[in-house]
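To be precise, the following lines are structure_25.tsv, and they hold TSV, C-alpha atoms and all ligand atoms.
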```
chain	number	residue	atom	x	y	z
A	304	MET	CA	-31.81	33.28	0.92
A	305	ASN	CA	-29.62	35.94	2.40
A	306	ILE	CA	-26.77	36.07	-0.14
A	307	ASP	CA	-26.77	36.97	-3.83
A	308	ILE	CA	-26.64	33.74	-5.80
A	309	ASN	CA	-24.52	34.08	-8.94
A	310	VAL	CA	-25.06	30.75	-10.70
A	311	ALA	CA	-22.40	31.42	-13.36
A	312	GLU	CA	-19.85	32.11	-10.62
A	313	ILE	CA	-20.83	28.92	-8.74
A	314	GLU	CA	-20.52	26.90	-11.94
A	315	LYS	CA	-17.06	28.35	-12.56
A	316	ARG	CA	-15.84	27.73	-9.01
A	317	GLY	CA	-17.77	24.46	-8.51
A	318	PHE	CA	-19.10	25.24	-5.04
A	319	LEU	CA	-20.50	28.05	-2.93
A	320	ASP	CA	-17.70	30.08	-1.42
A	321	VAL	CA	-19.49	31.53	1.60
A	322	GLY	CA	-17.88	31.86	5.01
A	323	ILE	CA	-19.46	29.76	7.78
A	324	ASP	CA	-19.45	30.66	11.46
A	325	PRO	CA	-16.90	28.11	12.82
A	326	SER	CA	-18.93	27.66	16.01
A	327	LEU	CA	-21.94	26.37	14.05
A	328	ASP	CA	-22.91	22.77	14.88
A	329	LEU	CA	-23.09	21.55	11.29
A	330	PHE	CA	-24.61	18.16	12.20
A	331	HIS	CA	-27.48	19.95	13.92
A	332	GLU	CA	-27.89	22.58	11.17
A	333	ILE	CA	-27.95	19.93	8.44
A	334	GLU	CA	-30.64	17.99	10.33
A	335	LEU	CA	-32.73	21.18	10.55
A	336	LEU	CA	-32.29	21.84	6.81
A	337	LYS	CA	-33.34	18.26	6.00
A	338	LYS	CA	-36.65	18.83	7.77
A	339	GLU	CA	-37.20	22.38	6.54
A	340	LYS	CA	-36.60	21.44	2.89
A	341	ASN	CA	-37.81	17.84	2.93
A	342	ALA	CA	-34.34	16.85	1.73
A	343	ILE	CA	-32.60	13.47	1.65
A	344	ILE	CA	-28.82	13.04	1.74
A	345	LEU	CA	-27.56	10.15	-0.38
A	346	ALA	CA	-23.90	9.30	0.19
A	347	HIS	CA	-21.50	6.90	-1.48
A	348	TYR	CA	-19.30	4.68	0.72
A	349	TYR	CA	-16.26	6.65	-0.42
A	350	GLN	CA	-17.38	9.82	1.37
A	351	GLU	CA	-15.57	10.95	4.52
A	352	PRO	CA	-16.93	9.43	7.78
A	353	ASP	CA	-18.75	12.61	8.95
A	354	ILE	CA	-20.71	12.73	5.70
A	355	GLN	CA	-21.59	9.04	5.93
A	356	ASP	CA	-22.81	9.62	9.49
A	357	ILE	CA	-25.13	12.48	8.49
A	358	ALA	CA	-26.48	10.68	5.38
A	359	ASP	CA	-29.99	9.20	5.19
A	360	TYR	CA	-28.77	6.46	2.90
A	361	ILE	CA	-25.25	5.17	2.22
A	362	GLY	CA	-24.71	2.81	-0.66
A	363	ASP	CA	-22.91	1.70	-3.80
A	364	SER	CA	-23.73	3.08	-7.24
A	365	LEU	CA	-26.64	0.67	-7.78
A	366	GLY	CA	-28.20	1.26	-4.35
A	367	LEU	CA	-27.88	5.01	-4.75
A	368	ALA	CA	-29.57	4.99	-8.18
A	369	GLN	CA	-32.40	2.81	-6.83
A	370	LYS	CA	-32.87	5.12	-3.84
A	371	ALA	CA	-32.77	8.27	-6.01
A	372	GLU	CA	-35.44	6.86	-8.30
A	373	LYS	CA	-37.85	6.06	-5.47
A	374	THR	CA	-37.44	8.94	-3.02
A	375	ASP	CA	-40.36	11.27	-2.38
A	376	ALA	CA	-38.12	13.95	-0.84
A	377	ASP	CA	-38.26	17.34	-2.57
A	378	MET	CA	-34.50	17.76	-2.67
A	379	ILE	CA	-31.80	15.14	-3.24
A	380	VAL	CA	-28.43	16.13	-1.80
A	381	PHE	CA	-25.90	13.94	-3.57
A	382	ALA	CA	-22.74	13.32	-1.59
A	383	GLY	CA	-20.85	11.49	-4.29
A	384	VAL	CA	-19.52	12.46	-7.70
A	385	HIS	CA	-21.09	14.20	-10.67
A	386	PHE	CA	-22.19	11.15	-12.69
A	387	MET	CA	-24.07	9.85	-9.63
A	388	ALA	CA	-25.95	13.12	-9.08
A	389	GLU	CA	-26.64	13.27	-12.83
A	390	THR	CA	-28.09	9.74	-12.67
A	391	ALA	CA	-30.37	10.84	-9.81
A	392	LYS	CA	-31.64	13.75	-11.94
A	393	ILE	CA	-32.15	11.48	-14.96
A	394	LEU	CA	-34.24	9.10	-12.87
A	395	ASN	CA	-36.18	11.63	-10.82
A	396	PRO	CA	-36.34	14.90	-12.80
A	397	SER	CA	-39.03	16.61	-10.75
A	398	LYS	CA	-36.71	16.69	-7.73
A	399	LYS	CA	-34.11	19.35	-7.12
A	400	VAL	CA	-30.72	17.59	-7.14
A	401	VAL	CA	-27.84	19.46	-5.53
A	402	ILE	CA	-24.20	18.44	-5.24
A	403	PRO	CA	-21.71	19.90	-2.73
A	404	ASP	CA	-19.02	20.48	-5.37
A	405	LEU	CA	-19.58	20.40	-9.13
A	406	ARG	CA	-15.90	19.63	-9.69
A	407	ALA	CA	-16.33	16.17	-8.11
A	408	GLY	CA	-15.81	14.28	-11.36
A	409	CYS	CA	-14.44	10.81	-12.08
A	410	SER	CA	-11.32	9.75	-13.99
A	411	LEU	CA	-13.21	6.80	-15.44
A	412	SER	CA	-16.03	8.97	-16.73
A	413	ASP	CA	-13.52	11.51	-18.10
A	414	SER	CA	-11.68	8.74	-19.98
A	415	CYS	CA	-14.66	8.30	-22.29
A	416	PRO	CA	-15.72	11.48	-24.13
A	417	PRO	CA	-19.00	10.98	-26.06
A	418	PRO	CA	-17.74	12.16	-29.52
A	419	LEU	CA	-14.81	9.70	-29.40
A	420	PHE	CA	-17.00	6.89	-28.10
A	421	LYS	CA	-19.56	7.52	-30.86
A	422	LYS	CA	-16.82	6.99	-33.49
A	423	PHE	CA	-15.58	3.88	-31.65
A	424	LYS	CA	-19.09	2.45	-31.54
A	425	GLU	CA	-19.56	3.02	-35.29
A	426	GLN	CA	-16.77	0.50	-35.91
A	427	TYR	CA	-18.94	-2.24	-34.33
A	428	PRO	CA	-22.44	-1.75	-35.80
A	429	ASP	CA	-23.67	-5.22	-34.75
A	430	HIS	CA	-22.58	-4.85	-31.10
A	431	LEU	CA	-24.75	-4.02	-28.09
A	432	VAL	CA	-23.30	-1.36	-25.78
A	433	ILE	CA	-23.13	-2.03	-22.04
A	434	SER	CA	-21.76	0.93	-20.13
A	435	TYR	CA	-20.65	1.05	-16.53
A	436	ILE	CA	-22.66	3.68	-14.66
A	437	ASN	CA	-19.40	5.65	-14.10
A	438	CYS	CA	-19.90	7.63	-17.31
A	439	SER	CA	-21.52	10.87	-18.45
A	440	ALA	CA	-25.14	11.24	-19.56
A	441	GLY	CA	-23.75	11.58	-23.12
A	442	ILE	CA	-22.24	8.07	-22.93
A	443	LYS	CA	-25.38	6.68	-21.31
A	444	ALA	CA	-27.40	8.05	-24.22
A	445	LEU	CA	-25.14	6.07	-26.61
A	446	SER	CA	-25.62	2.83	-24.61
A	447	ASP	CA	-28.16	-0.01	-24.63
A	448	ILE	CA	-27.80	-1.11	-21.00
A	449	ILE	CA	-26.11	0.46	-17.99
A	450	CYS	CA	-24.52	-1.70	-15.32
A	451	THR	CA	-22.74	-1.24	-12.00
A	452	SER	CA	-20.13	-3.40	-10.34
A	453	SER	CA	-22.98	-5.11	-8.40
A	454	ASN	CA	-24.87	-6.34	-11.43
A	455	ALA	CA	-22.41	-6.32	-14.39
A	456	GLN	CA	-21.85	-10.09	-14.39
A	457	LYS	CA	-25.55	-10.93	-14.17
A	458	ILE	CA	-26.45	-8.41	-16.89
A	459	VAL	CA	-23.87	-9.83	-19.28
A	460	GLU	CA	-24.93	-13.40	-18.48
A	461	SER	CA	-28.58	-12.50	-19.19
A	462	LEU	CA	-27.70	-11.87	-22.85
A	463	PRO	CA	-27.41	-14.65	-25.46
A	464	LYS	CA	-23.91	-16.19	-25.58
A	465	ASP	CA	-23.41	-15.09	-29.18
A	466	GLN	CA	-24.47	-11.48	-28.56
A	467	LYS	CA	-21.59	-9.18	-29.53
A	468	ILE	CA	-20.94	-6.55	-26.86
A	469	ILE	CA	-18.95	-3.35	-26.39
A	470	PHE	CA	-18.16	-2.70	-22.71
A	471	ALA	CA	-17.26	0.86	-21.65
A	472	PRO	CA	-15.56	2.71	-20.06
A	473	ASP	CA	-13.69	0.51	-17.52
A	474	LYS	CA	-11.26	-1.92	-19.14
A	475	ASN	CA	-10.49	-3.61	-15.78
A	476	LEU	CA	-14.10	-4.34	-14.88
A	477	GLY	CA	-14.70	-5.35	-18.52
A	478	ALA	CA	-11.73	-7.76	-18.50
A	479	TYR	CA	-12.90	-9.24	-15.20
A	480	ILE	CA	-16.42	-9.79	-16.57
A	481	ASN	CA	-14.95	-11.33	-19.74
A	482	LYS	CA	-12.99	-13.73	-17.53
A	483	VAL	CA	-15.86	-14.84	-15.29
A	484	THR	CA	-18.44	-15.10	-18.09
A	485	GLY	CA	-16.16	-16.50	-20.81
A	486	ARG	CA	-17.20	-13.66	-23.16
A	487	ASN	CA	-15.05	-11.62	-25.46
A	488	MET	CA	-16.51	-8.13	-25.10
A	489	VAL	CA	-14.77	-5.28	-26.92
A	490	LEU	CA	-13.39	-3.01	-24.20
A	491	TRP	CA	-13.03	0.76	-24.11
A	492	ASN	CA	-9.62	1.70	-22.74
A	493	GLY	CA	-10.65	3.56	-19.56
A	494	ALA	CA	-9.67	3.09	-15.92
A	495	CYS	CA	-10.16	4.45	-12.43
A	496	MET	CA	-7.16	6.35	-11.07
A	497	VAL	CA	-7.81	5.06	-7.52
A	498	HIS	CA	-8.09	1.36	-8.32
A	499	GLU	CA	-5.08	1.32	-10.65
A	500	ILE	CA	-2.74	2.74	-8.02
A	501	PHE	CA	-2.37	-0.33	-5.78
A	502	SER	CA	1.09	-1.86	-5.46
A	503	LEU	CA	1.11	-5.60	-6.08
A	504	GLU	CA	4.56	-5.84	-4.50
A	505	LYS	CA	3.56	-4.06	-1.26
A	506	ILE	CA	0.31	-6.04	-1.05
A	507	THR	CA	2.16	-9.33	-1.52
A	508	LYS	CA	4.54	-8.41	1.35
A	509	LEU	CA	1.55	-7.36	3.50
A	510	LYS	CA	-0.08	-10.74	2.90
A	511	VAL	CA	3.09	-12.44	4.14
A	512	ARG	CA	3.05	-10.34	7.32
A	513	HIS	CA	-0.69	-11.02	7.80
A	514	PRO	CA	-1.11	-14.64	6.65
A	515	ASN	CA	-4.66	-14.91	8.00
A	516	ALA	CA	-5.90	-11.71	6.38
A	517	LYS	CA	-8.27	-11.99	3.41
A	518	LEU	CA	-7.48	-9.75	0.45
A	519	ILE	CA	-10.74	-8.26	-0.85
A	520	SER	CA	-10.80	-6.13	-4.00
A	521	HIS	CA	-13.08	-4.02	-6.15
A	522	PRO	CA	-13.32	-5.22	-9.79
A	523	GLU	CA	-12.04	-1.83	-11.00
A	524	CYS	CA	-8.58	-3.07	-9.87
A	525	GLU	CA	-6.11	-4.49	-12.38
A	526	GLU	CA	-6.06	-8.20	-13.24
A	527	PRO	CA	-2.83	-9.22	-11.39
A	528	LEU	CA	-4.31	-7.92	-8.12
A	529	LEU	CA	-7.71	-9.52	-8.76
A	530	ARG	CA	-5.95	-12.82	-9.49
A	531	ILE	CA	-4.51	-12.98	-5.94
A	532	SER	CA	-7.68	-11.70	-4.23
A	533	ASP	CA	-9.80	-13.89	-1.95
A	534	PHE	CA	-12.98	-12.01	-2.82
A	535	ILE	CA	-13.96	-9.53	-5.56
A	536	GLY	CA	-17.05	-7.34	-5.40
A	537	SER	CA	-18.71	-3.94	-5.46
A	538	THR	CA	-18.43	-1.79	-2.34
A	539	THR	CA	-21.72	-3.19	-0.97
A	540	GLN	CA	-20.60	-6.75	-1.69
A	541	LEU	CA	-17.20	-6.15	-0.03
A	542	LEU	CA	-18.91	-4.75	3.07
A	543	LYS	CA	-21.30	-7.70	3.22
A	544	TYR	CA	-18.39	-10.13	2.86
A	545	THR	CA	-16.52	-8.61	5.82
A	546	LYS	CA	-19.65	-8.96	7.99
A	547	GLU	CA	-20.29	-12.58	7.06
A	548	ASP	CA	-16.80	-14.03	6.67
A	549	HIS	CA	-15.23	-15.55	9.78
A	550	SER	CA	-11.80	-13.94	9.26
A	551	ASN	CA	-10.72	-11.23	11.65
A	552	GLU	CA	-8.39	-9.37	9.29
A	553	PHE	CA	-8.97	-7.95	5.82
A	554	ILE	CA	-6.71	-6.14	3.35
A	555	VAL	CA	-9.08	-3.84	1.49
A	556	ALA	CA	-8.26	-2.89	-2.11
A	557	THR	CA	-10.66	-0.07	-2.84
A	558	GLU	CA	-11.11	3.55	-1.80
A	559	THR	CA	-10.53	4.01	1.94
A	560	GLY	CA	-13.97	5.55	2.66
A	561	ILE	CA	-15.54	2.08	2.82
A	562	LEU	CA	-13.43	1.21	5.89
A	563	HIS	CA	-15.67	3.44	8.03
A	564	GLN	CA	-18.73	1.20	7.50
A	565	MET	CA	-16.64	-1.99	7.73
A	566	GLN	CA	-15.25	-0.91	11.08
A	567	LYS	CA	-18.69	0.18	12.31
A	568	SER	CA	-20.29	-3.14	11.32
A	569	SER	CA	-17.47	-5.30	12.69
A	570	PRO	CA	-15.71	-3.31	15.44
A	571	HIS	CA	-13.69	-6.34	16.60
A	572	LYS	CA	-12.18	-6.97	13.13
A	573	THR	CA	-9.09	-5.33	11.62
A	574	PHE	CA	-9.20	-3.60	8.24
A	575	ILE	CA	-5.96	-2.70	6.49
A	576	PRO	CA	-6.13	-0.35	3.47
A	577	ALA	CA	-4.23	-1.96	0.56
A	578	PRO	CA	-1.08	0.12	0.00
A	579	PRO	CA	-0.80	2.17	-3.18
A	580	ASN	CA	2.19	2.47	-5.44
A	581	ASN	CA	3.16	5.98	-4.32
A	582	ALA	CA	5.03	7.69	-1.51
A	583	CYS	CA	1.94	8.70	0.42
A	584	ALA	CA	-0.02	6.02	2.22
A	585	CYS	CA	-3.46	7.01	0.98
A	586	ASN	CA	-5.70	5.80	-1.78
A	587	ASP	CA	-8.47	8.35	-1.48
A	588	CYS	CA	-10.47	9.39	-4.53
A	589	PRO	CA	-9.61	13.08	-4.97
A	590	HIS	CA	-13.03	13.67	-6.54
A	591	MET	CA	-15.09	12.01	-3.82
A	592	LYS	CA	-13.04	13.76	-1.17
A	593	LEU	CA	-13.85	17.25	-2.54
A	594	ASN	CA	-17.11	16.99	-0.61
A	595	THR	CA	-17.08	18.30	2.96
A	596	LEU	CA	-19.67	18.79	5.67
A	597	GLU	CA	-19.39	22.57	5.14
A	598	LYS	CA	-20.16	22.26	1.43
A	599	ILE	CA	-23.10	19.96	2.20
A	600	TYR	CA	-24.52	22.55	4.60
A	601	LEU	CA	-24.08	25.35	2.04
A	602	CYS	CA	-25.56	23.45	-0.91
A	603	MET	CA	-28.61	22.58	1.19
A	604	LYS	CA	-29.06	26.10	2.51
A	605	TYR	CA	-28.68	27.89	-0.84
A	606	GLU	CA	-29.82	24.98	-3.06
A	607	GLN	CA	-26.76	25.36	-5.27
A	608	PRO	CA	-24.90	23.97	-7.22
A	609	GLU	CA	-27.86	22.30	-8.85
A	610	ILE	CA	-27.82	19.53	-11.49
A	611	LEU	CA	-29.80	20.61	-14.56
A	612	MET	CA	-30.19	18.66	-17.78
A	613	ASP	CA	-31.37	18.99	-21.33
A	614	GLU	CA	-34.62	16.99	-21.56
A	615	GLU	CA	-33.76	15.20	-24.83
A	616	LEU	CA	-30.44	14.01	-23.40
A	617	ARG	CA	-32.11	12.99	-20.13
A	618	LEU	CA	-34.68	10.81	-21.91
A	619	ALA	CA	-32.02	9.16	-24.08
A	620	ALA	CA	-29.81	8.49	-21.03
A	621	LYS	CA	-32.75	7.17	-18.99
A	622	LYS	CA	-33.59	4.27	-21.34
A	623	PRO	CA	-30.46	2.16	-20.62
A	624	ILE	CA	-30.63	2.96	-16.89
A	625	ASP	CA	-34.27	1.81	-16.79
A	626	ARG	CA	-33.18	-1.40	-18.51
A	627	MET	CA	-30.58	-1.93	-15.78
A	628	LEU	CA	-33.09	-1.28	-13.00
A	629	GLU	CA	-35.61	-3.70	-14.55
A	630	LEU	CA	-32.96	-6.42	-14.86
A	631	SER	CA	-31.67	-5.77	-11.33
A	632	ALA	CA	-35.22	-6.19	-9.98
A	633	GLN	CA	-35.50	-9.49	-11.90
A	634	PHE	CA	-32.21	-10.64	-10.33
A	635	GLY	CA	-33.50	-9.68	-6.88
A	636	LEU	CA	-30.90	-6.90	-6.54
A	637	VAL	CA	-33.10	-4.38	-4.77
B	1	LIG	P1	-19.55	0.78	-6.66
B	1	LIG	O1	-20.25	1.89	-5.98
B	1	LIG	O2	-20.43	0.15	-7.68
B	1	LIG	O3	-18.96	-0.20	-5.73
B	1	LIG	O4	-18.35	1.45	-7.50
B	1	LIG	C1	-17.31	2.07	-6.86
B	1	LIG	C2	-16.87	3.33	-7.50
B	1	LIG	O5	-15.77	3.49	-7.93
B	1	LIG	C3	-17.81	4.40	-7.56
B	1	LIG	O6	-17.21	5.49	-8.12
B	2	LIG	FE1	-14.28	7.62	-10.38
B	2	LIG	FE2	-12.51	5.96	-9.33
B	2	LIG	FE3	-13.25	8.11	-7.95
B	2	LIG	FE4	-14.98	6.06	-8.32
B	2	LIG	S1	-13.07	6.01	-7.16
B	2	LIG	S2	-15.40	8.26	-8.56
B	2	LIG	S3	-14.38	5.36	-10.37
B	2	LIG	S4	-12.15	8.11	-9.92
```

So that I can check it, write out the structure of this file as structure tokens.
Amino acid sequence: MNIDINVAEIEKRGFLDVGIDPSLDLFHEIELLKKEKNAIILAHYYQEPDIQDIADYIGDSLGLAQKAEKTDADMIVFAGVHFMAETAKILNPSKKVVIPDLRAGCSLSDSCPPPLFKKFKEQYPDHLVISYINCSAGIKALSDIICTSSNAQKIVESLPKDQKIIFAPDKNLGAYINKVTGRNMVLWNGACMVHEIFSLEKITKLKVRHPNAKLISHPECEEPLLRISDFIGSTTQLLKYTKEDHSNEFIVATETGILHQMQKSSPHKTFIPAPPNNACACNDCPHMKLNTLEKIYLCMKYEQPEILMDEELRLAAKKPIDRMLELSAQFGLV
């Protein structure tokens, strides 16, 4: 290392603030660092296209957790948000896990602070807790089973019909799962800032202008939008649908990053980002989009910021994730 690493300063700022020679070919440099450090880059579909193109694996939250658990790389570079990198560390603690920007959080995760959730849970002593993976290690440690948008329905359906359940932290995904399974889970009142921003009115008008387009939505969206959707699924499921469905046009109600893979897989098809209810035309996740190619290069080179965890918390958080991975393997979701 050729700079002084001040970990406290990096933690305060969130990322390494080191100037980079603008003429550097970052794609090439990152490839060299991957080999030199035996590193793997895991990226979520919501990352910017350049990051997806340099990644070794691109996936949804379930796929990323499965990949993080199994990798034999020495360093996991997590191009996603904090709870995802934390999950990688929980599952594979002997690996160094670095994240381009520690400030890449999640509104859904932030909506559920562990002390408040602990009190909430105490009101329902006979309930099992299923938590969406978009939560902190503290919430995972208070949960019985973790789920993602890929496996939530199957996990809930695997439990006895009369099993009482608390579902946290996403009220929209929880309400959707209640609807499709006929359950009555108690829901924590959390939501994703990206998936709640879509404008039903603008989308309805867009559907009129594009009568052959299929509206496809992530289950973190609100119920009125899900009700008019042609298909609902996790990012991986939405991508798969656009490859297999015969339509040539899709209105996509999730974060815009996924459009890169959709367009790459089906170059002849048209993908229209669902319009949000604001003046600007974007529905990017401000947390996901904190990551840049420059920050990826720096976090690989200096191996900072690094995800570190208290061992007791890690073990408590691992149990419900292991349960999810076991169930997912049983369902064939690998
Ligand atoms: P999936 O990766 O499960 O599709 O969830 C999307 C999301 O919002 C991740 O933050
Ligand atoms: Fe969190 Fe929503 Fe961003 Fe996903 S898209 S990381 S749920 S704020």

Can you list, as a list in words, every protein, DNA or RNA residue that comes within 9 Å of Asn492 in chain A when you count only C-alpha atoms, leaving out same-chain residues fewer than 6 positions away?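 Near Asn492 in chain A, the qualifying residues are Ser414, Cys415, Ala471, Pro472, Asp473, Lys474 and Asn475 of chain A.
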
Just want the 7 Å neighbourhood of range 573-581 of chain A, counted on all atoms listed in the file, with same-chain residues fewer than 6 positions away dropped. Output as a list in words.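 My reading of the contact set: Ile500, Phe501, Ser502, Lys505, Ile506, Asn551, Glu552, Phe553, Ile554, Val555, Ala556, Thr559 and Leu562 of chain A.
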
Atoms kept (C-alpha atoms) for selection, written as an mmCIF file, in the coordinates of the input:
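That gives us part.cif:
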```
data_model
loop_
_atom_site.group_PDB
_atom_site.id
_atom_site.type_symbol
_atom_site.label_atom_id
_atom_site.label_comp_id
_atom_site.auth_asym_id
_atom_site.auth_seq_id
_atom_site.Cartn_x
_atom_site.Cartn_y
_atom_site.Cartn_z
ATOM 1 C CA ILE A 500 -2.740 2.740 -8.020
ATOM 2 C CA PHE A 501 -2.370 -0.330 -5.780
ATOM 3 C CA SER A 502 1.090 -1.860 -5.460
ATOM 4 C CA LYS A 505 3.560 -4.060 -1.260
ATOM 5 C CA ILE A 506 0.310 -6.040 -1.050
ATOM 6 C CA ASN A 551 -10.720 -11.230 11.650
ATOM 7 C CA GLU A 552 -8.390 -9.370 9.290
ATOM 8 C CA PHE A 553 -8.970 -7.950 5.820
ATOM 9 C CA ILE A 554 -6.710 -6.140 3.350
ATOM 10 C CA VAL A 555 -9.080 -3.840 1.490
ATOM 11 C CA ALA A 556 -8.260 -2.890 -2.110
ATOM 12 C CA THR A 559 -10.530 4.010 1.940
ATOM 13 C CA LEU A 562 -13.430 1.210 5.890
#
```

Got a sec to check which residues lie within 9 Å of ligand LIG 2 (chain B), using only C-alpha atoms and all ligand atoms, and send them as an NGL selection string? :A and (349 or 383-387 or 407-413 or 437-438 or 473 or 494-499 or 523 or 557-558 or 587-592)

Please determine, counting all atoms listed in the file, which residue among A:Gln426, A:Leu394, A:Ile357, A:Glu351 has the shortest atom-to-atom distance to Ala371 in chain A. A:Leu394

I'd like a table as a tab-separated table: residues in chain A with an atom no more than 6 Å from ligand LIG 1 (chain B), each row giving the shortest atom pair and its distance in Å to one decimal, only C-alpha atoms and all ligand atoms counted, sorted by chain and rising residue number.
```
residue	atom	partner	partner_atom	distance
A:Asp363	CA	B:LIG1	O1	3.4
A:Ser364	CA	B:LIG1	O1	3.9
A:Thr451	CA	B:LIG1	O2	5.1
A:Ser452	CA	B:LIG1	O2	4.4
A:Ser453	CA	B:LIG1	O2	5.9
A:Ser537	CA	B:LIG1	O3	3.8
A:Thr538	CA	B:LIG1	O3	3.8
```

Residue with smallest distance to Gln540 in chain A - pool A:Leu616, A:Ile449, A:Ile458, A:Leu636, counting only C-alpha atoms: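 Of A:Leu616, A:Ile449, A:Ile458, A:Leu636, the one nearest Gln540 in chain A, counting only C-alpha atoms, is A:Leu636.
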
Write out as a PyMOL selection string each polymer residue whose atoms come within 10 Å of Ala619 in chain A, counting all atoms listed in the file; drop sequence neighbours fewer than 5 positions from it. chain A and resi 393+440-447+614+624

Quick one: range 630-636 of chain A with all heavy atoms, as a short mmCIF file (atom, residue, chain, number, x, y, z; two decimals), keeping the file's coordinate frame?
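So rebuild_9.cif came out as:
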```
data_model
loop_
_atom_site.label_atom_id
_atom_site.label_comp_id
_atom_site.auth_asym_id
_atom_site.auth_seq_id
_atom_site.Cartn_x
_atom_site.Cartn_y
_atom_site.Cartn_z
N LEU A 630 -33.71 -5.15 -14.98
CA LEU A 630 -32.96 -6.42 -14.86
C LEU A 630 -32.54 -6.66 -13.42
O LEU A 630 -32.64 -7.78 -12.92
CB LEU A 630 -31.72 -6.38 -15.77
CG LEU A 630 -31.99 -6.52 -17.27
CD1 LEU A 630 -30.75 -6.19 -18.09
CD2 LEU A 630 -32.46 -7.94 -17.61
N SER A 631 -32.11 -5.61 -12.72
CA SER A 631 -31.67 -5.77 -11.33
C SER A 631 -32.83 -6.26 -10.48
O SER A 631 -32.64 -7.11 -9.59
CB SER A 631 -31.15 -4.44 -10.77
OG SER A 631 -30.06 -4.01 -11.53
N ALA A 632 -34.04 -5.75 -10.73
CA ALA A 632 -35.22 -6.19 -9.98
C ALA A 632 -35.48 -7.67 -10.27
O ALA A 632 -35.77 -8.45 -9.36
CB ALA A 632 -36.42 -5.34 -10.35
N GLN A 633 -35.32 -8.06 -11.56
CA GLN A 633 -35.50 -9.49 -11.90
C GLN A 633 -34.48 -10.37 -11.18
O GLN A 633 -34.78 -11.49 -10.78
CB GLN A 633 -35.32 -9.68 -13.41
CG GLN A 633 -36.52 -9.27 -14.23
CD GLN A 633 -36.20 -9.36 -15.73
OE1 GLN A 633 -35.38 -10.16 -16.18
NE2 GLN A 633 -36.85 -8.52 -16.53
N PHE A 634 -33.25 -9.85 -11.01
CA PHE A 634 -32.21 -10.64 -10.33
C PHE A 634 -32.37 -10.60 -8.81
O PHE A 634 -31.56 -11.17 -8.07
CB PHE A 634 -30.80 -10.11 -10.65
CG PHE A 634 -30.47 -9.99 -12.11
CD1 PHE A 634 -29.66 -8.95 -12.56
CD2 PHE A 634 -30.94 -10.88 -13.05
CE1 PHE A 634 -29.33 -8.82 -13.91
CE2 PHE A 634 -30.62 -10.75 -14.41
CZ PHE A 634 -29.81 -9.71 -14.82
N GLY A 635 -33.32 -9.82 -8.34
CA GLY A 635 -33.50 -9.68 -6.88
C GLY A 635 -32.51 -8.71 -6.25
O GLY A 635 -32.31 -8.70 -5.04
N LEU A 636 -31.87 -7.88 -7.07
CA LEU A 636 -30.90 -6.90 -6.54
C LEU A 636 -31.62 -5.60 -6.21
O LEU A 636 -31.54 -4.62 -6.95
CB LEU A 636 -29.78 -6.65 -7.57
CG LEU A 636 -28.87 -7.81 -7.87
CD1 LEU A 636 -27.96 -7.51 -9.06
CD2 LEU A 636 -27.99 -8.12 -6.65
#
```
